[in-house]
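Participant: Below is the file entry36.cif, which contains mmCIF, C-alpha atoms.
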```
data_input
loop_
_atom_site.label_atom_id
_atom_site.label_comp_id
_atom_site.auth_asym_id
_atom_site.auth_seq_id
_atom_site.Cartn_x
_atom_site.Cartn_y
_atom_site.Cartn_z
CA MET A 1 124.14 94.41 115.14
CA THR A 2 123.80 98.15 115.04
CA ARG A 3 120.53 99.87 114.39
CA ALA A 4 121.57 101.00 110.92
CA MET A 5 122.59 97.48 109.95
CA ALA A 6 119.30 96.09 111.21
CA ALA A 7 117.40 98.67 109.19
CA ARG A 8 119.41 97.84 106.09
CA GLN A 9 118.77 94.14 106.67
CA TYR A 10 115.05 94.85 107.01
CA VAL A 11 114.94 96.80 103.75
CA SER A 12 116.83 94.10 101.89
CA ASP A 13 114.50 91.42 103.30
CA VAL A 14 111.52 93.39 102.08
CA ALA A 15 113.12 93.90 98.67
CA VAL A 16 113.86 90.19 98.26
CA LEU A 17 110.34 89.19 99.27
CA ALA A 18 108.69 91.78 97.03
CA ARG A 19 110.88 90.70 94.12
CA LYS A 20 109.78 87.12 94.78
CA ASP A 21 106.13 88.16 94.36
CA ALA A 22 106.89 90.10 91.20
CA ARG A 23 108.78 87.17 89.72
CA LEU A 24 106.01 84.73 90.59
CA GLU A 25 103.50 86.98 88.88
CA LEU A 26 105.72 87.44 85.82
CA ARG A 27 106.03 83.67 85.43
CA SER A 28 102.45 82.63 86.12
CA ARG A 29 100.57 85.75 84.94
CA ASP A 30 97.59 84.78 87.06
CA THR A 31 96.55 87.84 88.98
CA VAL A 32 97.19 91.04 87.04
CA PRO A 33 95.51 89.97 83.76
CA ALA A 34 92.50 88.79 85.75
CA MET A 35 92.31 92.14 87.54
CA LEU A 36 92.57 94.04 84.24
CA LEU A 37 89.85 92.04 82.60
CA PHE A 38 87.65 92.28 85.66
CA VAL A 39 87.89 96.05 86.04
CA VAL A 40 87.14 96.71 82.38
CA GLY A 41 84.29 94.20 82.48
CA ALA A 42 82.90 95.84 85.58
CA LEU A 43 82.96 99.27 83.90
CA VAL A 44 81.07 97.89 80.91
CA VAL A 45 78.50 96.27 83.18
CA PHE A 46 78.10 99.56 85.02
CA HIS A 47 77.38 101.36 81.77
CA PHE A 48 74.27 99.25 81.43
CA ALA A 49 73.37 99.67 85.10
CA VAL A 50 73.10 103.45 84.85
CA PRO A 51 70.22 105.07 82.95
CA ALA A 52 71.36 106.95 79.86
CA ASP A 53 69.28 110.11 80.26
CA LEU A 54 70.91 111.57 83.37
CA ASP A 55 71.89 115.21 83.50
CA GLU A 56 75.59 115.94 83.35
CA GLU A 57 76.26 116.52 87.06
CA THR A 58 74.35 113.43 88.19
CA GLU A 59 76.10 111.33 85.59
CA ARG A 60 79.48 112.57 86.79
CA VAL A 61 78.76 111.75 90.43
CA VAL A 62 77.24 108.35 89.67
CA SER A 63 80.08 107.44 87.33
CA PHE A 64 82.72 108.18 89.93
CA GLY A 65 80.77 106.13 92.43
CA LEU A 66 80.86 103.21 90.04
CA LEU A 67 84.57 103.72 89.36
CA TRP A 68 85.35 103.41 93.06
CA VAL A 69 83.20 100.33 93.48
CA ALA A 70 84.94 98.77 90.47
CA LEU A 71 88.38 99.60 91.87
CA LEU A 72 87.50 98.17 95.27
CA PHE A 73 86.17 94.92 93.84
CA THR A 74 89.21 94.62 91.61
CA ALA A 75 91.45 95.06 94.61
CA ILE A 76 89.51 92.35 96.46
CA LEU A 77 89.90 90.06 93.45
CA GLY A 78 93.66 90.60 93.49
CA LEU A 79 93.90 90.23 97.25
CA THR A 80 92.14 86.86 97.26
CA ARG A 81 95.09 85.61 95.22
CA ALA A 82 97.74 87.29 97.35
CA PHE A 83 98.55 84.35 99.59
CA VAL A 84 97.55 81.48 97.28
CA ALA A 85 101.12 80.50 96.41
CA GLU A 86 102.18 80.74 100.03
CA ARG A 87 99.31 78.51 101.09
CA GLU A 88 99.38 75.91 98.36
CA GLN A 89 103.12 75.40 98.35
CA ARG A 90 103.31 75.73 102.15
CA LEU A 91 105.66 78.63 101.52
CA ILE A 92 104.19 80.58 104.41
CA ASP A 93 105.67 78.12 106.92
CA ALA A 94 109.10 78.66 105.43
CA LEU A 95 108.67 82.43 105.47
CA VAL A 96 107.63 82.38 109.11
CA LEU A 97 110.64 80.20 109.97
CA ALA A 98 113.02 82.44 108.04
CA PRO A 99 115.22 84.65 110.22
CA CYS A 100 113.59 87.88 109.16
CA ASP A 101 111.11 90.14 110.90
CA ARG A 102 107.61 88.91 110.08
CA SER A 103 106.38 92.40 109.41
CA ALA A 104 108.80 92.38 106.45
CA ILE A 105 106.55 89.72 104.90
CA TRP A 106 103.62 92.08 105.29
CA LEU A 107 105.47 95.07 103.88
CA ALA A 108 106.74 93.13 100.86
CA LYS A 109 103.31 91.72 100.11
CA THR A 110 101.71 95.15 100.50
CA ILE A 111 104.21 96.62 98.06
CA ALA A 112 103.45 93.82 95.59
CA VAL A 113 99.70 94.34 95.95
CA VAL A 114 100.08 98.10 95.43
CA ALA A 115 102.13 97.41 92.30
CA PHE A 116 99.43 95.06 90.94
CA LEU A 117 96.75 97.62 91.71
CA LEU A 118 98.73 100.33 89.92
CA LEU A 119 98.97 98.14 86.83
CA ALA A 120 95.23 97.52 86.91
CA GLU A 121 94.52 101.22 87.33
CA LEU A 122 96.84 102.11 84.50
CA ILE A 123 94.22 100.51 82.27
CA ALA A 124 91.12 101.20 84.37
CA LEU A 125 91.44 104.99 84.67
CA PRO A 126 91.96 105.67 80.93
CA ALA A 127 89.15 103.22 80.17
CA PHE A 128 86.92 105.05 82.62
CA ALA A 129 87.82 108.42 81.08
CA LEU A 130 87.04 107.00 77.65
CA PHE A 131 83.71 105.40 78.60
CA PHE A 132 82.38 107.88 81.16
CA VAL A 133 83.84 111.22 82.29
CA PRO A 134 87.38 112.71 82.35
CA VAL A 135 89.53 111.95 85.37
CA GLY A 136 91.14 114.83 87.25
CA GLY A 137 94.30 115.10 89.31
CA ALA A 138 92.42 114.80 92.60
CA THR A 139 90.97 111.46 91.55
CA ILE A 140 94.40 110.14 90.62
CA ALA A 141 95.83 111.30 93.94
CA ALA A 142 92.92 109.67 95.77
CA VAL A 143 93.43 106.40 93.87
CA LEU A 144 97.12 106.37 94.79
CA LEU A 145 96.32 106.96 98.46
CA ALA A 146 93.49 104.45 98.48
CA ASN A 147 95.79 101.77 97.04
CA ILE A 148 98.01 101.99 100.10
CA GLY A 149 95.10 101.69 102.53
CA ILE A 150 93.43 98.80 100.71
CA ALA A 151 96.70 96.94 100.28
CA ALA A 152 97.77 97.47 103.90
CA VAL A 153 94.54 96.20 105.43
CA GLY A 154 93.86 93.70 102.66
CA THR A 155 97.20 91.94 103.05
CA VAL A 156 96.54 91.15 106.70
CA LEU A 157 93.00 90.02 105.98
CA SER A 158 94.15 88.01 102.98
CA ALA A 159 96.57 86.14 105.24
CA VAL A 160 93.71 85.58 107.68
CA SER A 161 91.36 84.25 105.05
CA ALA A 162 94.09 82.08 103.52
CA ALA A 163 94.34 80.28 106.85
CA SER A 164 90.57 79.85 107.23
CA ARG A 165 88.40 76.99 106.06
CA THR A 166 86.31 79.18 103.78
CA ARG A 167 89.38 80.69 102.06
CA GLU A 168 88.48 83.29 99.44
CA LEU A 169 84.91 83.57 100.62
CA LEU A 170 85.94 85.24 103.82
CA LEU A 171 88.07 88.08 102.47
CA PRO A 172 85.33 90.30 100.98
CA LEU A 173 83.27 89.92 104.15
CA LEU A 174 86.18 91.01 106.30
CA LEU A 175 87.35 93.79 104.02
CA LEU A 176 84.15 95.53 102.91
CA PRO A 177 83.26 97.20 106.24
CA LEU A 178 86.85 98.36 106.58
CA ALA A 179 86.83 99.71 103.03
CA ILE A 180 83.82 101.99 103.53
CA PRO A 181 85.96 104.93 104.72
CA ILE A 182 88.23 104.50 101.68
CA ILE A 183 85.24 104.66 99.38
CA VAL A 184 83.97 107.79 101.15
CA GLY A 185 87.36 109.48 100.86
CA GLY A 186 87.81 108.44 97.24
CA ILE A 187 84.40 109.53 96.02
CA GLY A 188 84.60 112.75 98.01
CA ALA A 189 87.94 113.61 96.43
CA SER A 190 86.58 112.77 92.98
CA VAL A 191 83.28 114.65 92.98
CA THR A 192 83.55 117.60 95.35
CA ASP A 193 85.16 120.95 94.65
CA GLU A 194 87.36 120.72 97.73
CA PRO A 195 89.20 117.42 97.51
CA ALA A 196 91.91 118.41 99.99
CA GLN A 197 90.06 117.28 103.12
CA PHE A 198 89.19 113.95 101.56
CA LEU A 199 92.77 113.36 100.48
CA ALA A 200 93.89 114.21 104.00
CA PHE A 201 91.34 111.75 105.34
CA LEU A 202 92.65 109.01 103.03
CA ALA A 203 96.19 109.76 104.18
CA LEU A 204 95.05 109.49 107.78
CA TYR A 205 93.38 106.17 107.07
CA ASP A 206 96.55 104.89 105.38
CA ALA A 207 98.74 105.94 108.27
CA VAL A 208 96.50 104.50 110.99
CA PHE A 209 95.80 101.20 109.30
CA ALA A 210 99.33 100.76 107.98
CA ILE A 211 100.66 101.02 111.52
CA ILE A 212 98.11 98.63 112.99
CA SER A 213 98.50 96.15 110.09
CA TRP A 214 102.28 96.31 110.27
CA SER A 215 102.29 95.61 113.98
CA THR A 216 99.65 92.85 114.01
CA PHE A 217 100.63 90.84 110.94
CA GLU A 218 103.00 88.66 112.93
CA TYR A 219 100.15 87.31 115.08
CA VAL A 220 98.16 86.28 112.03
CA VAL A 221 100.82 84.16 110.32
CA THR A 222 102.45 82.40 113.25
CA GLU A 223 101.02 79.01 114.16
CA MET B 1 81.64 80.27 145.72
CA SER B 2 84.04 83.10 145.24
CA LEU B 3 83.19 86.73 144.79
CA ARG B 4 84.12 86.39 141.15
CA ASN B 5 81.19 84.09 140.53
CA ASN B 6 78.83 86.50 142.26
CA LEU B 7 79.63 89.41 139.99
CA GLY B 8 76.91 88.48 137.52
CA PRO B 9 73.98 88.54 139.98
CA ALA B 10 75.36 91.66 141.65
CA PHE B 11 75.46 93.55 138.39
CA ALA B 12 72.05 92.19 137.47
CA LEU B 13 70.65 93.61 140.70
CA VAL B 14 72.24 97.01 140.04
CA ALA B 15 70.94 96.96 136.48
CA PHE B 16 67.44 96.05 137.65
CA MET B 17 67.27 98.86 140.19
CA PHE B 18 68.76 101.54 137.98
CA LEU B 19 66.73 100.65 134.92
CA ILE B 20 63.44 100.47 136.81
CA ALA B 21 64.20 103.85 138.38
CA ALA B 22 65.28 105.34 135.07
CA PHE B 23 62.20 104.13 133.21
CA ALA B 24 59.82 105.24 135.95
CA LEU B 25 61.40 108.69 136.05
CA ALA B 26 61.59 108.88 132.27
CA PHE B 27 57.86 108.28 131.96
CA TYR B 28 56.45 110.13 134.97
CA TRP B 29 58.95 112.75 136.11
CA VAL B 30 60.98 114.14 133.23
CA PRO B 31 59.23 116.93 131.33
CA THR B 32 58.05 116.12 127.85
CA ASP B 33 60.40 117.41 125.17
CA ALA B 34 59.07 120.67 123.75
CA ASP B 35 60.23 119.90 120.25
CA GLN B 36 59.66 116.18 119.77
CA GLY B 37 56.97 115.46 122.33
CA PHE B 38 56.46 112.11 124.01
CA SER B 39 58.50 110.12 121.51
CA GLN B 40 61.68 111.82 122.65
CA ARG B 41 61.59 109.53 125.71
CA ILE B 42 63.10 106.73 123.61
CA PHE B 43 66.26 108.80 123.96
CA TYR B 44 66.69 107.35 127.47
CA VAL B 45 66.87 103.86 125.98
CA HIS B 46 68.51 104.45 122.63
CA VAL B 47 71.53 106.52 123.60
CA PRO B 48 72.52 104.45 126.68
CA LEU B 49 72.29 101.35 124.50
CA ALA B 50 74.66 102.94 121.99
CA LEU B 51 77.13 103.96 124.69
CA THR B 52 76.99 100.46 126.15
CA ALA B 53 77.65 98.89 122.76
CA TYR B 54 80.70 101.13 122.30
CA ALA B 55 81.89 100.18 125.77
CA CYS B 56 81.53 96.49 124.91
CA PHE B 57 83.49 96.86 121.68
CA ALA B 58 86.20 98.80 123.49
CA TRP B 59 86.32 96.16 126.24
CA GLY B 60 86.59 93.43 123.61
CA ALA B 61 89.43 95.26 121.89
CA TRP B 62 91.20 95.81 125.22
CA LYS B 63 91.02 92.08 125.97
CA ALA B 64 92.22 91.38 122.44
CA LEU B 65 95.20 93.64 123.03
CA ARG B 66 95.92 91.85 126.29
CA LEU B 67 95.80 88.54 124.45
CA LEU B 68 98.32 89.64 121.84
CA TRP B 69 100.46 91.26 124.51
CA THR B 70 100.62 88.35 126.96
CA ASN B 71 99.86 85.45 124.62
CA ASP B 72 97.46 84.17 127.27
CA ASN B 73 94.50 82.40 125.71
CA LYS B 74 92.11 83.09 128.55
CA TYR B 75 91.55 86.57 127.13
CA ASP B 76 90.11 85.10 123.96
CA LEU B 77 86.81 84.10 125.56
CA GLU B 78 86.55 87.46 127.32
CA SER B 79 87.18 89.38 124.12
CA TYR B 80 84.72 87.23 122.20
CA THR B 81 82.00 87.57 124.83
CA ALA B 82 82.44 91.35 124.97
CA VAL B 83 82.12 91.63 121.20
CA HIS B 84 79.10 89.34 121.32
CA MET B 85 77.44 91.62 123.89
CA GLY B 86 78.37 94.64 121.76
CA VAL B 87 76.63 93.15 118.75
CA ILE B 88 73.49 92.33 120.76
CA PHE B 89 73.31 95.87 122.11
CA GLY B 90 74.21 97.20 118.65
CA ILE B 91 71.19 95.43 117.16
CA LEU B 92 69.02 97.01 119.87
CA VAL B 93 70.47 100.41 118.93
CA LEU B 94 69.52 99.84 115.30
CA VAL B 95 66.01 98.73 116.27
CA THR B 96 65.33 101.58 118.70
CA GLY B 97 66.90 104.02 116.24
CA ALA B 98 64.61 102.80 113.49
CA ILE B 99 61.58 103.19 115.77
CA TRP B 100 62.64 106.71 116.69
CA ALA B 101 63.21 107.60 113.04
CA ARG B 102 59.77 106.25 112.15
CA ILE B 103 58.04 108.33 114.81
CA SER B 104 60.05 111.51 114.32
CA TRP B 105 60.49 111.59 110.57
CA GLY B 106 58.04 109.00 109.25
CA VAL B 107 60.75 106.72 107.80
CA TRP B 108 62.23 103.53 109.20
CA TRP B 109 65.68 104.37 108.03
CA SER B 110 67.49 107.66 107.50
CA TRP B 111 70.99 107.87 106.08
CA GLY B 112 71.15 111.34 107.60
CA GLU B 113 71.43 109.95 111.10
CA ARG B 114 75.16 109.47 111.64
CA GLN B 115 74.97 107.24 114.69
CA LEU B 116 72.64 104.81 112.98
CA VAL B 117 74.80 104.60 109.87
CA LEU B 118 77.87 104.06 112.03
CA PHE B 119 76.12 101.24 113.85
CA LEU B 120 75.17 99.65 110.57
CA VAL B 121 78.85 99.69 109.51
CA LEU B 122 79.89 98.28 112.87
CA PHE B 123 77.17 95.66 112.67
CA LEU B 124 78.54 94.52 109.30
CA PHE B 125 82.05 94.54 110.68
CA TYR B 126 81.31 92.47 113.75
CA CYS B 127 79.15 90.03 111.81
CA ALA B 128 82.28 89.44 109.73
CA TYR B 129 84.12 88.91 113.03
CA PHE B 130 81.81 86.01 113.83
CA MET B 131 82.23 84.62 110.32
CA LEU B 132 85.97 84.74 110.85
CA ARG B 133 85.77 82.90 114.16
CA ASN B 134 83.53 80.25 112.69
CA SER B 135 85.74 79.54 109.72
CA VAL B 136 89.00 79.09 111.61
CA ASP B 137 89.62 75.99 113.71
CA ALA B 138 89.53 76.68 117.42
CA GLY B 139 92.92 77.17 118.99
CA PRO B 140 95.53 79.82 119.68
CA ARG B 141 95.60 80.89 116.06
CA GLN B 142 91.87 81.52 115.97
CA ALA B 143 92.25 83.52 119.16
CA ARG B 144 95.02 85.67 117.69
CA MET B 145 93.25 86.27 114.38
CA SER B 146 90.05 87.27 116.16
CA ALA B 147 92.03 89.55 118.42
CA VAL B 148 93.68 91.29 115.47
CA TYR B 149 90.31 91.78 113.82
CA ALA B 150 88.77 93.12 117.04
CA LEU B 151 91.60 95.65 117.22
CA PHE B 152 90.89 96.73 113.65
CA GLY B 153 87.29 97.26 114.74
CA VAL B 154 88.03 99.66 117.52
CA VAL B 155 90.18 101.72 115.15
CA LEU B 156 87.42 101.60 112.57
CA ILE B 157 84.91 103.25 114.93
CA PRO B 158 86.41 106.79 114.93
CA ILE B 159 87.57 106.50 111.31
CA SER B 160 84.08 105.51 110.19
CA PHE B 161 82.52 108.25 112.22
CA LEU B 162 84.76 110.76 110.48
CA ALA B 163 84.00 109.17 107.11
CA ILE B 164 80.25 109.38 107.67
CA ARG B 165 80.53 113.04 108.64
CA LEU B 166 82.61 113.75 105.57
CA SER B 167 80.27 111.82 103.30
CA GLU B 168 77.43 114.19 104.17
CA ASN B 169 79.29 116.81 102.14
CA PHE B 170 78.48 115.05 98.92
CA ILE B 171 75.66 112.60 99.59
CA HIS B 172 73.18 115.06 101.06
CA PRO B 173 73.10 117.70 103.76
CA VAL B 174 71.98 116.79 107.25
CA VAL B 175 68.24 117.17 107.30
CA PHE B 176 67.63 116.01 110.81
CA THR B 177 69.79 117.11 113.68
CA ARG B 178 69.22 116.39 117.28
CA ASP B 179 70.85 119.64 118.38
CA GLY B 180 67.78 121.08 120.01
CA PRO B 181 67.85 123.14 123.14
CA GLN B 182 70.28 122.06 125.83
CA MET B 183 69.24 119.08 127.90
CA ALA B 184 67.50 119.99 131.13
CA ALA B 185 69.13 118.85 134.37
CA SER B 186 66.36 116.35 135.10
CA MET B 187 66.74 114.86 131.62
CA PHE B 188 70.46 114.52 132.07
CA PHE B 189 69.99 112.85 135.44
CA VAL B 190 67.62 110.23 134.07
CA PHE B 191 69.90 109.73 131.09
CA CYS B 192 72.83 109.01 133.44
CA LEU B 193 70.73 106.61 135.50
CA SER B 194 69.69 104.76 132.41
CA THR B 195 73.26 104.62 131.09
CA VAL B 196 74.60 103.16 134.33
CA GLY B 197 71.74 100.65 134.39
CA THR B 198 72.32 99.56 130.79
CA ILE B 199 76.06 99.17 131.30
CA ALA B 200 75.38 97.14 134.45
CA LEU B 201 72.97 94.98 132.47
CA ALA B 202 75.59 94.39 129.80
CA THR B 203 78.14 93.53 132.48
CA ALA B 204 75.77 91.06 134.12
CA LEU B 205 75.04 89.37 130.79
CA TYR B 206 78.75 89.37 130.02
CA HIS B 207 79.51 87.50 133.23
CA VAL B 208 76.69 85.02 132.68
CA GLU B 209 77.80 84.25 129.15
CA LEU B 210 81.45 84.10 130.14
CA SER B 211 80.87 81.61 132.95
CA GLY B 212 78.70 79.51 130.63
CA LYS B 213 81.39 79.51 127.96
CA ARG B 214 84.08 78.65 130.51
CA LEU B 215 81.98 75.77 131.75
CA ASP B 216 81.58 74.51 128.18
CA LEU B 217 85.31 74.68 127.67
CA LYS B 218 86.01 72.81 130.91
CA LEU B 219 83.48 70.15 129.98
CA LYS B 220 85.08 69.71 126.60
CA GLN B 221 88.50 69.34 128.16
CA ARG B 222 87.23 66.78 130.71
CA ARG B 223 85.55 64.78 127.96
CA LYS B 224 88.75 64.80 125.98
CA SER B 225 90.81 63.63 128.92
CA TYR B 226 88.42 60.78 129.74
CA SER B 227 88.00 59.48 126.22
#
```
Translate the structure of the given file into structure tokens.
Facilitator:
Amino acid sequence: MTRAMAARQYVSDVAVLARKDARLELRSRDTVPAMLLFVVGALVVFHFAVPADLDEETERVVSFGLLWVALLFTAILGLTRAFVAEREQRLIDALVLAPCDRSAIWLAKTIAVVAFLLLAELIALPAFALFFVPVGGATIAAVLLANIGIAAVGTVLSAVSAASRTRELLLPLLLLPLAIPIIVGGIGASVTDEPAQFLAFLALYDAVFAIISWSTFEYVVTE
Amino acid sequence: MSLRNNLGPAFALVAFMFLIAAFALAFYWVPTDADQGFSQRIFYVHVPLALTAYACFAWGAWKALRLLWTNDNKYDLESYTAVHMGVIFGILVLVTGAIWARISWGVWWSWGERQLVLFLVLFLFYCAYFMLRNSVDAGPRQARMSAVYALFGVVLIPISFLAIRLSENFIHPVVFTRDGPQMAASMFFVFCLSTVGTIALATALYHVELSGKRLDLKLKQRRKSYS
């Protein structure tokens, strides 16, 4: 098989697997509605957590901090569900046995997770703008970049926690320390006047962790 | 007894000599820091501990990489033990850092001190590593998952360091910096002594723990084969 054919095969494997996740979600409607409800609920809770008499600048900074925490927790909520079908139906064994590169499983799942996150943010960002402060272009760019990083790392860790005894309990513990740089980059891009360096940092994070996740996923899913 | 089994005591001896020398010199020979006074001497403990912890994490990640590369399970114990040592020395870094912060600035914790914040992040990360190990059944899969996570950790160190530096742009400016006058030659010498001693100590402990763990494993296998 030539290189070009192999690449085409890889892309089509990824497309099939990602479509499988989308179809599963369309039929069951488990994950995305839960994420939507959670993120809006979290924003409402945060309104009551922040004192009302802050000055404008403080309120802006604190609000963006809360937005990023809400987005991260929503992503964790979605990621805990990412490998549930694979685990419960023993689908993961079949996927590992299938004659495709195992990193294709990772890439497809990451694409699916990013898509779910985008749907959640499609509601969360307007809701945030309505409840708190307007959202600028830098914030949107940071959210898009952060999605990739969270999904890339989260997919590997979700597969890890799906294979553990403690299941969903483990994922937040594994993911939170790794998500701290994303939060720093996201909040920096949202609240400072010079978002460029923070966006560059998020892009760096995405690149580094996407490569390491892509190359290590195989070791996590094989028995 | 092979030389391999004697590595632990040998390193322990080196650690003992170097650390005794370093502490004696740190207290009686090195000049007192003009800026911070006597309390600056904790520098000769704190910073070598931090370097040792980094070395342990890097060693653990290297063994993890070897495990994934060769699929040889013997690296699992080595990687785990190195990370374990890293966490122990990391806790000591946090404790000595807190003591230093208390004496220098009157607070037990300062978010302005990058190294301390980084160690807190790493501490969280490697605690999660132990949670991961405990919640997966022992076997090749546990070894591989732990190895992958250990690799994530060593990538996280520089990324987090960068993140903490960047975060100072919007959280608050650096109030406390340690960029005083350049280190005197005598200070640097004692610092090097102490670093070598601490790394030797970590290596000795690493070998002790590793041989203990290997013995446990062997015992378990023997029990299994007899029952």
Participant: Nearest to chain B: which of A:Ala75, A:Val61, A:Val69, A:Ala82 is it, counting all atoms listed in the file?
Facilitator: A:Val61
Participant: As an exercise, work out the distance from atom CA of Leu166 of chain B to atom CA of Phe123 of chain B in Å and give it to one decimal place.
Facilitator: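 Going from atom CA of Leu166 of chain B over to atom CA of Phe123 of chain B, I get 20.2 Å.
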Participant: Compute the chain B side of the contact with chain A at 10 Å, counting all atoms listed in the file, and hand it back as a PyMOL selection string.
Facilitator: chain B and resi 68+71+120-129+131-137+139-149+151-153+155-157+159-171
Participant: Once the PyMOL selection byres ((chain A and resi 92) around 12) has been evaluated on this model, what residues remain selected, and can you format them as a compact mmCIF listing (two decimals) with C-alpha atoms, in the coordinates of the input?
Facilitator:
```
# COMPACT_ATOMS: atom_id res chain seq x y z
CA LEU A 17 110.34 89.19 99.27
CA ALA A 82 97.74 87.29 97.35
CA PHE A 83 98.55 84.35 99.59
CA VAL A 84 97.55 81.48 97.28
CA ALA A 85 101.12 80.50 96.41
CA GLU A 86 102.18 80.74 100.03
CA ARG A 87 99.31 78.51 101.09
CA GLU A 88 99.38 75.91 98.36
CA GLN A 89 103.12 75.40 98.35
CA ARG A 90 103.31 75.73 102.15
CA LEU A 91 105.66 78.63 101.52
CA ASP A 93 105.67 78.12 106.92
CA ALA A 94 109.10 78.66 105.43
CA LEU A 95 108.67 82.43 105.47
CA VAL A 96 107.63 82.38 109.11
CA LEU A 97 110.64 80.20 109.97
CA ALA A 98 113.02 82.44 108.04
CA ARG A 102 107.61 88.91 110.08
CA ILE A 105 106.55 89.72 104.90
CA TRP A 106 103.62 92.08 105.29
CA LYS A 109 103.31 91.72 100.11
CA ALA A 159 96.57 86.14 105.24
CA ALA A 162 94.09 82.08 103.52
CA ALA A 163 94.34 80.28 106.85
CA GLU A 218 103.00 88.66 112.93
CA VAL A 220 98.16 86.28 112.03
CA VAL A 221 100.82 84.16 110.32
CA THR A 222 102.45 82.40 113.25
CA GLU A 223 101.02 79.01 114.16
```
Participant: So that I can check the surroundings of Glu78 of chain B, please list as a PyMOL selection string every protein, DNA and RNA residue that reaches within 12 Å of it, counting only C-alpha atoms and ignoring chain neighbours fewer than 4 positions away.
Facilitator: chain B and resi 56-67+72-74+82-85+143+146-147+150+203+206-214
Participant: Rounded to one decimal place, report the atom CA of Ile88 of chain B-atom CA of Ala26 of chain B distance in Å.
Facilitator: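 One can read the atom CA of Ile88 of chain B to atom CA of Ala26 of chain B distance as 23.4 Å.
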Participant: List the spatial neighbours of Ala200 of chain B as a list in words - criterion: any atom at most 7 Å away, all atoms listed in the file, same-chain residues fewer than 4 positions off excluded.
Facilitator: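 The residues that qualify are Phe11, Ala12, Val14, Ala15, Val196 and Ala204 of chain B.
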Participant: May I ask which of the residues A:Tyr10, A:Ile76, A:Gly41, A:Ile140 is the closest one to Ser158 of chain A, counting only C-alpha atoms?
Facilitator: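 Result for the nearest residue to Ser158 of chain A: A:Ile76.
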Participant: If I put a ball of radius 8 Å at (92.3, 95.2, 84.0) in the file's coordinates, which residues poke into it when counting all atoms listed in the file, written as a JSON list (two decimals) with C-alpha atoms, in the frame of the given file?
Facilitator:
```json
[["chain", "number", "residue", "atom", "x", "y", "z"],
["A", 32, "VAL", "CA", 97.19, 91.04, 87.04],
["A", 33, "PRO", "CA", 95.51, 89.97, 83.76],
["A", 34, "ALA", "CA", 92.50, 88.79, 85.75],
["A", 35, "MET", "CA", 92.31, 92.14, 87.54],
["A", 36, "LEU", "CA", 92.57, 94.04, 84.24],
["A", 37, "LEU", "CA", 89.85, 92.04, 82.60],
["A", 38, "PHE", "CA", 87.65, 92.28, 85.66],
["A", 39, "VAL", "CA", 87.89, 96.05, 86.04],
["A", 40, "VAL", "CA", 87.14, 96.71, 82.38],
["A", 119, "LEU", "CA", 98.97, 98.14, 86.83],
["A", 120, "ALA", "CA", 95.23, 97.52, 86.91],
["A", 121, "GLU", "CA", 94.52, 101.22, 87.33],
["A", 123, "ILE", "CA", 94.22, 100.51, 82.27],
["A", 124, "ALA", "CA", 91.12, 101.20, 84.37]]
```
Participant: Between A:Ser103, A:Leu117, A:Ala112, A:Leu125, single out the one closest to Trp214 of chain A, counting only C-alpha atoms.
Facilitator: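 The shortest atom-to-atom distance to Trp214 of chain A comes from A:Ser103.
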Participant: For Ala70 of chain A, which residue among A:Phe48, A:Pro134, A:Arg27, A:Phe128 is the nearest when counting only C-alpha atoms?
Facilitator: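 Going through A:Phe48, A:Pro134, A:Arg27, A:Phe128 one by one, the smallest distance to Ala70 of chain A is for A:Phe128.
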Participant: Tell me, as a list of chain:residue names, which residues lie within 6 Å of segment 147-149 of chain A, counting all atoms listed in the file; anything in the same chain fewer than 3 positions away does not count.
Facilitator: A:Val114, A:Leu144, A:Ala152, A:Asp206
Participant: Quick one: write out the picked residues with C-alpha atoms as an mmCIF file, in the coordinates of the input?
Facilitator:
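Saved to selection.cif:
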```cif
data_model
loop_
_atom_site.group_PDB
_atom_site.id
_atom_site.type_symbol
_atom_site.label_atom_id
_atom_site.label_comp_id
_atom_site.auth_asym_id
_atom_site.auth_seq_id
_atom_site.Cartn_x
_atom_site.Cartn_y
_atom_site.Cartn_z
ATOM 1 C CA VAL A 114 100.080 98.100 95.430
ATOM 2 C CA LEU A 144 97.120 106.370 94.790
ATOM 3 C CA ALA A 152 97.770 97.470 103.900
ATOM 4 C CA ASP A 206 96.550 104.890 105.380
#
```
Participant: If we count all atoms listed in the file and set the cut-off at 10 Å, which residues sit around Ser104 of chain B, ignoring sequence neighbours fewer than 2 positions away in its own chain? Please answer as a list in words.
Facilitator: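 Listing them by chain and then by number gives Gln36, Gly37, Ser39, Gln40, Ala98, Ile99, Trp100, Ala101, Arg102, Gly106, Val107, Trp108 and Phe176 of chain B.
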Participant: Just checking: using only C-alpha atoms, which residue out of B:Leu92, B:Met17, B:Ala202, B:Val30 ends up closest to Ala50 of chain B?
Facilitator: B:Leu92
Participant: Between atom CA of Phe130 of chain B and atom CA of Lys220 of chain B, what is the spacing in Å?
Facilitator: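 Between atom CA of Lys220 of chain B and atom CA of Phe130 of chain B the gap is 21.0 Å.
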Participant: With all atoms listed in the file as the basis for distance, which of B:Ser225, B:Val190, B:Gly112, B:Leu94 is at the shortest distance from Ile20 of chain B?
Facilitator: B:Val190
Participant: Hey, what's within 9 Å of Ala138 of chain A if we count all atoms listed in the file and toss same-chain stuff fewer than 3 positions away? As a PyMOL selection string, please?
Facilitator: chain A and resi 135+141-143+189-190+195-196+199
